[in-house]
Amino acid sequence: MCNLLKPQRLRWVLILIPVMLMCVGCGPADRRTDSDTLTNEALSGGQTTVFDTTPNAFSLPVPGLERNQELLFFVGNSFFNQNWVTAPASTTARDGLGPFFNARSCASCHFKDGRGRPPEFDSEAPTGFLLRLSVPGSDMHGAAAVEPNYGGQLQDEAIMGIKPEGAFQITYAETPFTFPDGEIVMLRQPTYTFNDLSYGEMHPEMMISPRVANQMIGMGLLEAVPEETLNTIADPTDRDGDGISGRPNMVWDAFNNQMAIGRFGWKANQPTVLQQTADAFLGDIGITTPLFPDENCTDAQLDCQAAANGGRPEIDSDDFLKVVLYASSLAVPAQRNWDDPQIVQGKDLFAEIGCSKCHVAELETGIHPTIPALSQQTIRPYTDLLLHDMGAGLADGRPDFQATGSEWRTPPLWGIGLIETVNGHTLLLHDGRARNLLEAILWHGGEAEAARDTFSKLQADERDALLAFLGSL
């Protein structure tokens, strides 16, 4: 696979692959709880923070890009937003859609570079939502073994002349959560069923894992956090006895042909922005890249194998790299009203009850090899990028590399309070089951159960303060 890249290998190394150098002072994350001791609190993305609270808040380039990178950012943006078309077409640089796909463009899942959601009713098409599929076992590198007839995810759309793989429906069962003070919140749990399957029965032990597309902000900053920092934060054996045992997911880096720490995806199964982007092009749109040049067809899908394509690969190296630069350079909006007394109280409670043990407030980036603006920044992503067991309630039962069926990467919280502004909804967690921040907290179990229980025992005004703090991020 990667032999196709060798003529440009040196160029790719210089342009894209992160060299995670340890910067002076990059030690364990700062977990201080006194808000008054923190400076520049609003600067979620360090000096690359943008101050925008409009529906375009997730779509701005980081300040300080070099001039040529600014130009490439906007070209990458055009490829991110464009609809791909069926091959062959006169627009040869933008054809090759499918044969199977979930979306016609990157922006279809990440509208305004933001967050997707599950469909609200049966006849609505998914918007940045899909179902991963796998069977027991793993491939030669440790990734989840794909479903034999349908591959690694259900693709519910196809080009003309080919049947889509199938469709799915979501039903919800609601259960009450009762606070000690008597307040009741209804929590909904989804169940998924398939219909109109075109390529035979699914494997009897098939595992399903729903995925909502996340907001795109700050990916380059997270990629620039040194590996040593993540290993320092990790506590896989819970040596400090606090019940929190975060650990990195070691995943396959397809470009470098070696294992690496995963940073992206709900189970941290992607090591770099490069690979995350290439995987999304192939799995979600059906566009082959220099990293993944083969169409995504199973042995049972003969019509897929026979379909015309837009070249091999369907997006060339130069254009693909522009999309990777774009995805790496989307800026993080500032925290709002950070000095409001209620938000200061909520931030302190967030740390006191243990939320910040996983949602680590502050990290330092190292030297980014190609985007100097991202280097040596003090950022406030509220994540440790590590895997944590979140309990049976959120478990999908689907392993992914070293992640178990109940482990998830701590999602960054920066920008979470602007999702409604950008995308018009407040649906959270990996499958969108939580309708707001409160429900998302109440779904926390496993390593987060103690923090959730402590949160539930807070006075109503204290819970409101903590939620106000999250909404300010």
# chains A, B, ... in the order shown; residues from 1 in each chain; ligands from 1
call {"tool": "residues_around", "arguments": {"residues": "Met259 (chain A)", "least_positions_apart": "6", "cutoff": "10 Å", "atoms": "only C-alpha atoms", "output": "list of chain:residue names"}}
result
A:His141, A:Gly142, A:Asn249, A:Met250, A:Val251, A:Trp252, A:Asp253, A:Pro271
call {"tool": "write_last_selection", "arguments": {"atoms": "N, CA and C atoms", "output": "CSV table (one decimal), in the first residue's frame"}}
result
chain,number,residue,atom,x,y,z
A,141,HIS,N,-2.7,-6.0,12.5
A,141,HIS,CA,-2.2,-4.9,13.3
A,141,HIS,C,-2.9,-4.6,14.6
A,142,GLY,N,-4.0,-5.3,14.8
A,142,GLY,CA,-4.8,-5.2,16.0
A,142,GLY,C,-6.1,-4.4,15.9
A,249,ASN,N,-4.1,4.5,23.6
A,249,ASN,CA,-4.4,3.4,22.7
A,249,ASN,C,-3.2,3.3,21.6
A,250,MET,N,-2.5,2.2,21.6
A,250,MET,CA,-1.5,2.0,20.6
A,250,MET,C,-2.1,1.5,19.3
A,251,VAL,N,-2.0,2.2,18.2
A,251,VAL,CA,-2.7,1.9,17.0
A,251,VAL,C,-1.7,1.8,15.8
A,252,TRP,N,-2.1,1.4,14.7
A,252,TRP,CA,-1.3,1.2,13.5
A,252,TRP,C,-1.2,2.5,12.7
A,253,ASP,N,0.0,3.0,12.6
A,253,ASP,CA,0.3,4.2,11.7
A,253,ASP,C,0.7,3.6,10.3
A,271,PRO,N,-3.8,7.8,14.6
A,271,PRO,CA,-2.6,8.4,15.2
A,271,PRO,C,-2.3,9.8,14.7
call {"tool": "select_by_dssp", "arguments": {"residues": "region 291-463 of chain A", "states": "helix (DSSP H, G or I)", "output": "VMD selection string"}}
result
chain A and resid 302 to 306 317 to 328 341 to 352 355 to 357 372 to 374 416 to 423 437 to 442 446 to 456 460 to 463
call {"tool": "atom_distance", "arguments": {"atom1": "CA of Ala89 (chain A)", "atom2": "CA of Leu282 (chain A)"}}
result
18.9 Å
call {"tool": "closest_atom_pairs", "arguments": {"of": "region 97-191 of chain A", "to": "region 405-408 of chain A", "cutoff": "12 Å", "atoms": "only C-alpha atoms", "output": "CSV"}}
result
residue,atom,partner,partner_atom,distance
A:Ser134,CA,A:Gly405,CA,11.7
A:Pro136,CA,A:Gly405,CA,11.2
A:Ala144,CA,A:Gly405,CA,10.9
call {"tool": "write_last_selection", "arguments": {"atoms": "C-alpha atoms", "output": "compact mmCIF listing (two decimals), in the first residue's frame"}}
result
# COMPACT_ATOMS: atom_id res chain seq x y z
CA SER A 134 -16.95 -5.57 13.24
CA PRO A 136 -14.74 -10.87 17.06
CA ALA A 144 -11.16 -4.49 14.74
call {"tool": "closest_residue", "arguments": {"among": "A:Val422, A:Ala224, A:Val135, A:Ala440", "to": "Ser209 (chain A)", "atoms": "only C-alpha atoms"}}
result
A:Val135
